[in-house]
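As stored in protein26.txt (compact mmCIF, C-alpha atoms and all ligand atoms):
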# COMPACT_ATOMS: atom_id res chain seq x y z
CA MET A 1 9.63 -69.50 66.41
CA SER A 2 7.12 -72.26 65.75
CA ASP A 3 4.50 -71.82 63.04
CA HIS A 4 2.68 -74.65 64.81
CA GLU A 5 2.66 -76.85 61.73
CA THR A 6 3.42 -80.49 62.49
CA VAL A 7 5.32 -82.48 59.88
CA LEU A 8 5.61 -86.25 60.00
CA VAL A 9 8.97 -87.33 58.55
CA ILE A 10 9.11 -90.95 57.46
CA GLY A 11 12.72 -92.11 57.47
CA GLY A 12 13.81 -89.09 59.51
CA ALA A 13 16.69 -91.04 61.08
CA GLY A 14 18.39 -91.67 57.74
CA TYR A 15 20.96 -89.58 55.90
CA ILE A 16 18.74 -87.25 53.88
CA GLY A 17 15.83 -87.48 56.33
CA SER A 18 17.91 -86.36 59.32
CA VAL A 19 19.18 -83.28 57.48
CA ASN A 20 15.62 -82.39 56.51
CA VAL A 21 14.48 -82.76 60.11
CA GLU A 22 17.24 -80.34 61.09
CA ALA A 23 15.95 -77.87 58.46
CA LEU A 24 12.30 -78.31 59.50
CA VAL A 25 13.14 -77.64 63.15
CA ALA A 26 15.13 -74.57 62.09
CA ALA A 27 12.08 -73.43 60.07
CA GLY A 28 9.94 -73.59 63.22
CA LYS A 29 8.02 -76.79 62.48
CA ARG A 30 7.07 -79.40 64.99
CA VAL A 31 8.54 -82.67 63.78
CA ILE A 32 7.60 -86.28 64.32
CA VAL A 33 10.17 -88.76 63.03
CA ALA A 34 8.87 -92.19 62.06
CA ASP A 35 11.58 -94.73 61.38
CA ASN A 36 11.91 -98.48 61.77
CA PHE A 37 15.64 -98.02 62.54
CA GLU A 38 16.63 -100.79 60.16
CA TYR A 39 19.08 -98.39 58.53
CA GLY A 40 18.32 -95.18 60.44
CA HIS A 41 20.21 -94.05 63.53
CA ARG A 42 18.56 -92.81 66.72
CA GLU A 43 21.57 -90.55 67.25
CA ALA A 44 20.78 -88.84 63.94
CA VAL A 45 17.36 -87.63 65.09
CA HIS A 46 17.22 -84.00 66.16
CA PRO A 47 16.58 -83.76 69.93
CA ASP A 48 13.50 -81.57 69.39
CA ALA A 49 11.78 -84.19 67.23
CA VAL A 50 9.35 -86.74 68.65
CA ILE A 51 10.37 -90.30 67.70
CA GLU A 52 7.84 -92.92 66.64
CA GLU A 53 9.36 -96.33 65.97
CA CYS A 54 7.17 -97.46 63.10
CA ASP A 55 7.49 -99.68 60.05
CA ILE A 56 5.34 -98.35 57.23
CA ARG A 57 4.74 -101.87 55.93
CA ASP A 58 2.48 -102.25 58.97
CA GLY A 59 -0.71 -100.43 58.00
CA ASP A 60 -2.18 -100.58 61.54
CA ALA A 61 0.95 -99.02 63.01
CA VAL A 62 0.84 -96.24 60.42
CA ARG A 63 -2.84 -95.54 61.19
CA GLY A 64 -2.05 -95.57 64.91
CA MET A 65 0.50 -92.82 64.39
CA PHE A 66 -2.04 -90.63 62.64
CA ASP A 67 -4.57 -91.36 65.42
CA ALA A 68 -2.07 -90.32 68.07
CA HIS A 69 -0.91 -87.02 66.51
CA THR A 70 -2.41 -84.11 64.63
CA ILE A 71 -0.34 -84.05 61.45
CA ASP A 72 -0.39 -81.25 58.88
CA ALA A 73 1.96 -82.64 56.27
CA VAL A 74 4.27 -85.56 55.51
CA MET A 75 7.79 -85.85 54.16
CA HIS A 76 8.61 -89.36 52.98
CA PHE A 77 12.23 -90.58 52.91
CA GLY A 78 11.60 -94.13 54.10
CA ALA A 79 12.70 -96.38 51.27
CA TYR A 80 15.20 -99.07 50.39
CA ALA A 81 17.72 -97.59 48.01
CA TYR A 82 20.35 -100.16 47.01
CA VAL A 83 20.02 -100.53 43.26
CA GLY A 84 22.16 -103.69 43.12
CA GLU A 85 20.18 -105.42 45.87
CA SER A 86 16.92 -104.47 44.19
CA MET A 87 17.91 -106.45 41.08
CA THR A 88 17.35 -109.74 42.93
CA GLN A 89 14.83 -108.59 45.57
CA ALA A 90 11.97 -106.89 43.73
CA GLU A 91 9.41 -108.07 46.30
CA ARG A 92 11.31 -106.48 49.18
CA TYR A 93 11.62 -103.21 47.27
CA PHE A 94 7.95 -103.05 46.31
CA HIS A 95 6.82 -104.09 49.78
CA ASN A 96 8.65 -101.23 51.46
CA ASN A 97 8.76 -98.57 48.77
CA PHE A 98 5.30 -99.11 47.30
CA ILE A 99 3.08 -100.92 49.85
CA GLY A 100 4.61 -98.89 52.70
CA GLY A 101 3.81 -95.71 50.78
CA TYR A 102 0.31 -97.00 50.02
CA ASN A 103 -0.32 -97.50 53.76
CA LEU A 104 0.90 -94.00 54.38
CA LEU A 105 -1.34 -92.42 51.74
CA ASN A 106 -4.40 -94.30 52.99
CA ALA A 107 -3.76 -93.07 56.53
CA MET A 108 -3.32 -89.53 55.18
CA ARG A 109 -6.60 -89.74 53.28
CA ASP A 110 -8.46 -91.13 56.30
CA HIS A 111 -7.07 -88.36 58.53
CA ASP A 112 -7.52 -85.58 56.03
CA VAL A 113 -3.80 -84.82 55.64
CA LYS A 114 -3.42 -83.14 52.27
CA ARG A 115 0.30 -82.65 51.59
CA ILE A 116 3.25 -84.96 51.04
CA VAL A 117 6.80 -84.34 49.84
CA PHE A 118 8.33 -87.48 48.37
CA SER A 119 11.99 -88.42 47.77
CA SER A 120 12.05 -89.74 44.27
CA THR A 121 15.07 -90.36 42.14
CA CYS A 122 16.67 -89.84 38.76
CA ALA A 123 16.69 -93.67 38.63
CA THR A 124 13.06 -93.37 37.46
CA TYR A 125 14.38 -92.11 34.09
CA GLY A 126 16.25 -95.32 33.30
CA ASP A 127 18.65 -95.37 30.37
CA VAL A 128 19.62 -91.80 29.78
CA GLN A 129 20.72 -90.86 26.29
CA GLU A 130 21.41 -87.18 26.72
CA VAL A 131 22.32 -84.80 29.50
CA PRO A 132 21.24 -82.55 31.09
CA ILE A 133 18.14 -84.52 32.02
CA ASP A 134 14.96 -82.55 32.42
CA GLU A 135 11.52 -83.71 33.54
CA SER A 136 10.35 -84.35 29.97
CA HIS A 137 12.77 -87.29 29.73
CA PRO A 138 10.83 -90.59 29.43
CA GLN A 139 10.56 -92.54 32.68
CA GLN A 140 11.61 -96.10 31.90
CA PRO A 141 13.45 -97.36 34.97
CA ILE A 142 15.79 -100.30 34.45
CA ASN A 143 15.91 -101.72 37.98
CA PRO A 144 13.28 -102.66 40.61
CA TYR A 145 14.40 -99.76 42.83
CA GLY A 146 13.61 -97.22 40.11
CA CYS A 147 10.40 -99.08 39.23
CA SER A 148 9.20 -99.00 42.85
CA LYS A 149 9.83 -95.26 43.06
CA LEU A 150 8.02 -94.60 39.77
CA ALA A 151 5.10 -96.79 40.89
CA PHE A 152 4.74 -94.65 44.00
CA GLU A 153 4.91 -91.47 41.92
CA LEU A 154 1.91 -92.82 39.97
CA LEU A 155 0.10 -93.65 43.20
CA LEU A 156 0.63 -90.07 44.36
CA ARG A 157 -0.91 -88.78 41.15
CA SER A 158 -3.84 -91.15 41.57
CA TYR A 159 -4.45 -90.10 45.19
CA GLU A 160 -4.47 -86.49 44.16
CA ILE A 161 -7.11 -87.19 41.51
CA SER A 162 -9.33 -89.26 43.80
CA TYR A 163 -8.72 -87.71 47.22
CA GLY A 164 -7.12 -84.31 46.67
CA ILE A 165 -3.82 -85.14 48.40
CA ARG A 166 -1.25 -82.76 46.92
CA HIS A 167 2.32 -83.92 46.42
CA ALA A 168 5.79 -82.69 45.64
CA ILE A 169 7.78 -85.36 43.83
CA LEU A 170 11.48 -84.50 44.07
CA ARG A 171 13.80 -86.55 41.87
CA TYR A 172 17.24 -86.41 43.40
CA PHE A 173 20.53 -86.88 41.67
CA ASN A 174 23.51 -87.90 43.90
CA ALA A 175 22.86 -86.70 47.44
CA SER A 176 26.17 -85.86 49.08
CA GLY A 177 27.96 -83.80 51.72
CA ALA A 178 27.05 -83.20 55.35
CA THR A 179 25.98 -80.58 57.84
CA ALA A 180 27.89 -80.04 61.07
CA GLU A 181 25.52 -82.47 62.79
CA HIS A 182 24.45 -84.97 60.16
CA GLY A 183 26.30 -87.00 57.57
CA GLU A 184 26.30 -90.18 55.54
CA ASP A 185 26.51 -93.44 57.49
CA HIS A 186 25.22 -96.44 55.54
CA ASN A 187 25.85 -100.06 56.31
CA PRO A 188 26.88 -101.40 53.89
CA GLU A 189 28.39 -98.26 52.42
CA THR A 190 28.31 -98.24 48.63
CA HIS A 191 28.50 -94.53 47.81
CA LEU A 192 31.58 -92.99 46.30
CA ILE A 193 32.25 -90.01 48.57
CA PRO A 194 32.02 -91.79 51.96
CA LEU A 195 34.07 -94.68 50.59
CA VAL A 196 36.78 -92.33 49.36
CA LEU A 197 36.83 -90.64 52.76
CA GLN A 198 37.11 -94.00 54.49
CA VAL A 199 40.35 -94.49 52.54
CA ALA A 200 41.56 -91.11 53.80
CA LEU A 201 40.69 -92.19 57.36
CA GLY A 202 42.80 -95.32 56.93
CA GLN A 203 39.77 -97.63 57.07
CA ARG A 204 40.22 -98.88 53.51
CA GLU A 205 43.35 -99.49 51.45
CA HIS A 206 42.11 -97.97 48.22
CA ILE A 207 39.10 -96.84 46.26
CA SER A 208 38.01 -98.80 43.20
CA ILE A 209 37.10 -96.85 40.10
CA PHE A 210 34.21 -98.81 38.63
CA GLY A 211 34.94 -98.51 34.91
CA ALA A 212 37.76 -96.50 33.36
CA ASP A 213 36.71 -96.99 29.74
CA TYR A 214 33.47 -95.03 29.53
CA ASP A 215 32.94 -92.55 26.76
CA THR A 216 33.70 -89.59 29.04
CA PRO A 217 36.74 -87.25 29.03
CA ASP A 218 38.67 -89.26 31.67
CA GLY A 219 36.92 -92.61 31.12
CA SER A 220 35.13 -92.67 34.50
CA CYS A 221 31.42 -92.06 35.17
CA ILE A 222 30.03 -88.58 35.59
CA ARG A 223 27.44 -87.75 38.26
CA ASP A 224 25.64 -84.69 39.55
CA TYR A 225 26.40 -84.35 43.28
CA ILE A 226 23.78 -82.34 45.12
CA HIS A 227 24.48 -81.27 48.69
CA VAL A 228 22.04 -82.54 51.36
CA SER A 229 21.56 -79.00 52.70
CA ASP A 230 20.46 -77.87 49.25
CA LEU A 231 18.10 -80.83 49.08
CA ALA A 232 16.64 -79.84 52.45
CA ASP A 233 16.19 -76.24 51.33
CA ALA A 234 14.24 -77.48 48.29
CA HIS A 235 12.06 -79.69 50.52
CA ILE A 236 11.09 -76.83 52.79
CA ARG A 237 10.12 -74.79 49.74
CA ALA A 238 8.24 -77.73 48.20
CA LEU A 239 6.28 -78.22 51.41
CA GLU A 240 4.99 -74.65 51.05
CA TYR A 241 4.48 -74.95 47.30
CA CYS A 242 2.20 -77.94 47.55
CA LYS A 243 -0.18 -76.04 49.80
CA ASN A 244 -1.41 -74.67 46.47
CA GLU A 245 -0.57 -77.24 43.83
CA SER A 246 1.34 -80.44 43.21
CA LEU A 247 4.67 -80.55 41.50
CA PHE A 248 7.37 -82.88 40.22
CA CYS A 249 10.91 -81.77 39.55
CA ASN A 250 14.56 -82.75 39.47
CA LEU A 251 16.99 -81.70 42.16
CA GLY A 252 20.58 -81.60 41.01
CA SER A 253 23.43 -79.09 41.07
CA GLU A 254 23.58 -79.12 37.23
CA HIS A 255 27.33 -79.81 37.45
CA GLY A 256 28.82 -83.14 36.44
CA TYR A 257 31.94 -84.56 38.11
CA SER A 258 33.71 -87.77 37.14
CA VAL A 259 34.74 -90.44 39.64
CA ARG A 260 38.36 -89.41 39.12
CA GLU A 261 37.50 -85.77 39.78
CA VAL A 262 35.77 -86.69 43.03
CA ILE A 263 38.81 -88.68 44.15
CA GLU A 264 41.10 -85.80 43.21
CA ALA A 265 38.94 -83.36 45.19
CA ALA A 266 39.17 -85.68 48.20
CA ARG A 267 42.97 -85.87 47.86
CA LYS A 268 43.14 -82.09 47.90
CA ILE A 269 40.81 -81.68 50.88
CA THR A 270 42.10 -84.55 53.03
CA LYS A 271 45.78 -84.27 52.01
CA HIS A 272 45.81 -88.07 51.83
CA PRO A 273 47.12 -89.82 48.67
CA ILE A 274 43.93 -91.99 48.40
CA PRO A 275 45.19 -94.83 46.19
CA ALA A 276 42.78 -95.62 43.38
CA VAL A 277 42.52 -98.90 41.46
CA GLU A 278 40.76 -99.29 38.14
CA ALA A 279 38.09 -101.99 38.36
CA GLU A 280 35.34 -103.53 36.26
CA ARG A 281 32.29 -101.46 35.42
CA ARG A 282 29.46 -101.79 37.94
CA ALA A 283 26.35 -103.29 36.31
CA GLY A 284 23.67 -100.75 35.48
CA ASP A 285 25.85 -97.62 35.81
CA PRO A 286 25.04 -95.07 33.10
CA PRO A 287 28.11 -93.10 31.93
CA ARG A 288 26.61 -89.66 32.60
CA LEU A 289 23.85 -88.34 34.85
CA VAL A 290 23.52 -84.58 35.10
CA ALA A 291 20.33 -82.74 35.99
CA SER A 292 18.57 -79.80 34.57
CA SER A 293 17.11 -78.20 37.71
CA LYS A 294 15.55 -75.33 35.78
CA LYS A 295 12.05 -76.30 36.84
CA ALA A 296 12.88 -76.46 40.57
CA LYS A 297 14.65 -73.12 40.31
CA GLU A 298 11.69 -71.48 38.59
CA LEU A 299 8.88 -72.97 40.65
CA LEU A 300 10.52 -73.06 44.06
CA GLY A 301 12.82 -70.04 43.74
CA TRP A 302 15.57 -72.46 44.77
CA THR A 303 19.27 -72.13 44.02
CA PRO A 304 21.74 -74.76 45.17
CA ARG A 305 24.53 -73.18 47.21
CA PHE A 306 27.00 -76.03 46.64
CA THR A 307 28.03 -76.54 43.03
CA ASP A 308 31.74 -77.09 43.60
CA ILE A 309 32.78 -80.66 44.38
CA ASP A 310 35.63 -79.46 46.63
CA LYS A 311 33.17 -77.70 48.91
CA ILE A 312 30.83 -80.69 49.00
CA VAL A 313 33.65 -83.10 49.84
CA GLU A 314 34.94 -80.66 52.46
CA THR A 315 31.63 -80.74 54.37
CA ALA A 316 31.59 -84.54 54.22
CA TRP A 317 35.21 -84.71 55.38
CA LEU A 318 34.52 -82.50 58.41
CA TRP A 319 31.71 -84.82 59.43
CA HIS A 320 33.63 -88.05 58.81
CA GLN A 321 36.58 -86.82 60.83
CA LYS A 322 34.25 -86.08 63.73
CA HIS A 323 32.42 -89.40 63.26
CA PRO A 324 35.03 -91.88 61.97
CA ASN A 325 32.73 -94.77 62.85
CA GLY A 326 29.57 -92.99 61.74
CA TYR A 327 26.91 -92.71 64.42
CA ALA A 328 28.25 -95.80 66.24
CA TRP A 329 30.60 -94.83 69.03
N1 LIG B 1 31.82 -95.63 42.23
C1 LIG B 1 33.13 -96.07 42.09
N2 LIG B 1 33.68 -96.76 43.13
C2 LIG B 1 33.03 -97.01 44.29
C3 LIG B 1 31.69 -96.54 44.44
C4 LIG B 1 31.12 -95.85 43.38
O1 LIG B 1 33.76 -95.87 41.06
O2 LIG B 1 33.59 -97.66 45.19
C5 LIG B 1 31.20 -94.88 41.13
C6 LIG B 1 29.92 -95.48 40.62
O3 LIG B 1 30.20 -96.47 39.64
C7 LIG B 1 29.22 -94.24 40.05
C8 LIG B 1 29.70 -93.11 40.95
O4 LIG B 1 30.87 -93.60 41.60
O5 LIG B 1 29.67 -93.99 38.74
C9 LIG B 1 28.70 -92.73 42.00
O6 LIG B 1 28.28 -93.90 42.64
P1 LIG B 1 27.39 -93.90 43.94
O7 LIG B 1 27.22 -95.34 44.37
O8 LIG B 1 27.97 -92.96 44.94
O9 LIG B 1 26.00 -93.29 43.49
P2 LIG B 1 25.01 -93.72 42.27
O10 LIG B 1 25.42 -92.86 41.12
O11 LIG B 1 25.17 -95.17 42.03
O12 LIG B 1 23.69 -93.35 42.81

For this file, write the structure as structure tokens.
Ligand code: UDP
Amino acid sequence: MSDHETVLVIGGAGYIGSVNVEALVAAGKRVIVADNFEYGHREAVHPDAVIEECDIRDGDAVRGMFDAHTIDAVMHFGAYAYVGESMTQAERYFHNNFIGGYNLLNAMRDHDVKRIVFSSTCATYGDVQEVPIDESHPQQPINPYGCSKLAFELLLRSYEISYGIRHAILRYFNASGATAEHGEDHNPETHLIPLVLQVALGQREHISIFGADYDTPDGSCIRDYIHVSDLADAHIRALEYCKNESLFCNLGSEHGYSVREVIEAARKITKHPIPAVEAERRAGDPPRLVASSKKAKELLGWTPRFTDIDKIVETAWLWHQKHPNGYAW
């Protein structure tokens, strides 16, 4: 049943965006997906959503979208997110992630749209000394990607002060897993779980373990893998929450798994040996990133359903088997 609220989803054809669109439709919202389809996939957009091909760097195009539709709220997933690439392309990252967001906020202000849920990242914290990481951790990002996300967080705060636009800033840890319909299909793929599953599908010879000499129990990096469905659940709750007040919080499962543990889970689930090769550390990888999600749990009444890496990998494996070439057929 529709509650007649219309949500504009920027980047709704991407991995996390498409799963959120699925959740919004299930929650009875009308959904408009805006995507420039540089990385997004048309096939990933829910059939009930209206598609607007729009690049948020184009302020006129963004305004045109708000002129054409009555929009109640915005979810913003439309960002570049390759940390390595951002190291040498700060302009590109700020143009899309900051200026694009600035265009969006100006259009919201001019059309009296008062709510936005924003995909932020634990990369805004920078060098992490201690885990679990809560929201009081200093935000000192160490790459242009993290800087561009933090800059937009500050813009959101500023636009609330000046124009009363309320926001939910959600700082994700490692988004992972799939629904029956939507999974992870990046080009290039750099993320651990899809790469491991590509080995199981016979598309790659082995997986490289980037760094085997970290100060962790098995020497490989530890990350907090949060299932995309749990992320989407938090977004739906945050959309309601910011009807009343703004918020910023982490979204993680609060469980840390090492690279070796992820590979082992994939071996178990796929029944493929998945050869692994120890390789050099990847620049900029902190040894451990694990969230405290206490704040999200308290404020949003949210509990992640997936905390076990086997279950997360299982959902991803089901999707990858069905879509061995991603959304491209
Ligand atoms: N990783 C790895 N081999 C790969 C890809 C990733 O060992 O081929 C490691 C990476 O160094 C990190 C973890 O897996 O410690 C998760 O990386 P991913 O790129 O998935 O997410 P990130 O933590 O960088 O956001």

From A:Val128, A:Leu197, A:Cys147, A:Val74, residue lying nearest Phe94 (chain A) [all atoms listed in the file]: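 For Phe94 (chain A), the nearest of the candidates is A:Cys147.
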
Given 8 Å and only C-alpha atoms and all ligand atoms, residues near ligand LIG 1 (chain B) as a PyMOL selection string: chain A and resi 83+173-174+190-193+195-196+207-211+220-223+258-259+279+281-282+285-287+289

Minimum-distance residue to Tyr214 (chain A), chosen among A:Ala276, A:Gly146, A:Leu156, A:Arg288 (using all atoms listed in the file):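 Of A:Ala276, A:Gly146, A:Leu156, A:Arg288, the one nearest Tyr214 (chain A) is A:Arg288, counting all atoms listed in the file.
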
Residue contacts of Gly177 (chain A) (7 Å, all atoms listed in the file) excluding same-chain residues fewer than 3 positions away, as an NGL selection string: :A and (183 or 227-228 or 312-313 or 315-316)

Residue among A:Phe98, A:Pro194, A:Asn103, A:Ser119 lying closest to Leu154 (chain A), counting only C-alpha atoms: A:Phe98

Sel. within 9 Å of pt (4.7, -96.3, 51.8), counting only C-alpha atoms, output as a list in words: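 Neighbouring residues, ordered by chain and number, come to Ile10, Ile56, Arg57, His76, Gly78, Ala79, His95, Asn96, Asn97, Phe98, Ile99, Gly100, Gly101, Tyr102, Asn103, Leu104, Leu105 and Phe152 of chain A.
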
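In this structure, CA of Met108 (chain A) sits 25.4 Å away from CA of Pro47 (chain A).
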
Pick from A:Val50, A:Ala34, A:Met87, A:Ala44 nearest to Tyr327 (chain A), counting all atoms listed in the file: A:Ala44

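In this comparison, which uses all atoms listed in the file, the residue of A:Ala178, A:Met65, A:Leu239, A:Ala168 approaching Ser120 (chain A) most closely is A:Ala168.
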
Nearest to Arg166 (chain A), chosen from A:Glu5, A:Asp233, A:Glu245, A:Glu43, with all atoms listed in the file counted in the distances: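 Using all atoms listed in the file, the shortest distance to Arg166 (chain A) belongs to A:Glu245.
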
For CA of Ala200 (chain A) and CA of Tyr15 (chain A), the interatomic separation in Å (one decimal): 20.8 Å

Give me, as a PDB file with C-alpha atoms, keeping the file's coordinate frame, all polymer residues having an atom no more than 6 Å from Asn36 (chain A), counting all atoms listed in the file and skipping those fewer than 6 positions away in the same chain.
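In the end it all went to part.pdb:
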ATOM      1  CA  GLU A  53       9.360 -96.330  65.970  1.00  0.00           C
ATOM      2  CA  CYS A  54       7.170 -97.460  63.100  1.00  0.00           C
ATOM      3  CA  ASP A  55       7.490 -99.680  60.050  1.00  0.00           C
TER       4      ASP A  55
END

CA of Ala232 (chain A) to CA of Asn244 (chain A), straight-line distance in Å: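 So the two atoms, CA of Asn244 (chain A) and CA of Ala232 (chain A), lie 19.7 Å apart.
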
Shell of 12 Å around His137 (chain A), only C-alpha atoms, local chain residues under 3 positions omitted, as a ChimeraX atom specification: /A:122-134,140-141,249-250,291-292

Would you compute, for all listed atoms of region 101-108 of chain A, the axis-aligned bounding box grown by 4 Å on each side, and then report its centre and edge lengths in Å rounded to one decimal, as JSON?
{"center_x": -0.3, "center_y": -93.5, "center_z": 53.3, "size_x": 16.2, "size_y": 16.0, "size_z": 14.5}

Using all atoms listed in the file, find all polymer residues with an atom at most 7 Å away from the point (26.5, -75.1, 48.2); report them as a short mmCIF file (atom, residue, chain, number, x, y, z; two decimals) with C-alpha atoms, in the coordinates of the input.
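Saved as part_38.cif:
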data_model
loop_
_atom_site.label_atom_id
_atom_site.label_comp_id
_atom_site.auth_asym_id
_atom_site.auth_seq_id
_atom_site.Cartn_x
_atom_site.Cartn_y
_atom_site.Cartn_z
CA HIS A 227 24.48 -81.27 48.69
CA ASP A 230 20.46 -77.87 49.25
CA PRO A 304 21.74 -74.76 45.17
CA ARG A 305 24.53 -73.18 47.21
CA PHE A 306 27.00 -76.03 46.64
CA THR A 307 28.03 -76.54 43.03
#
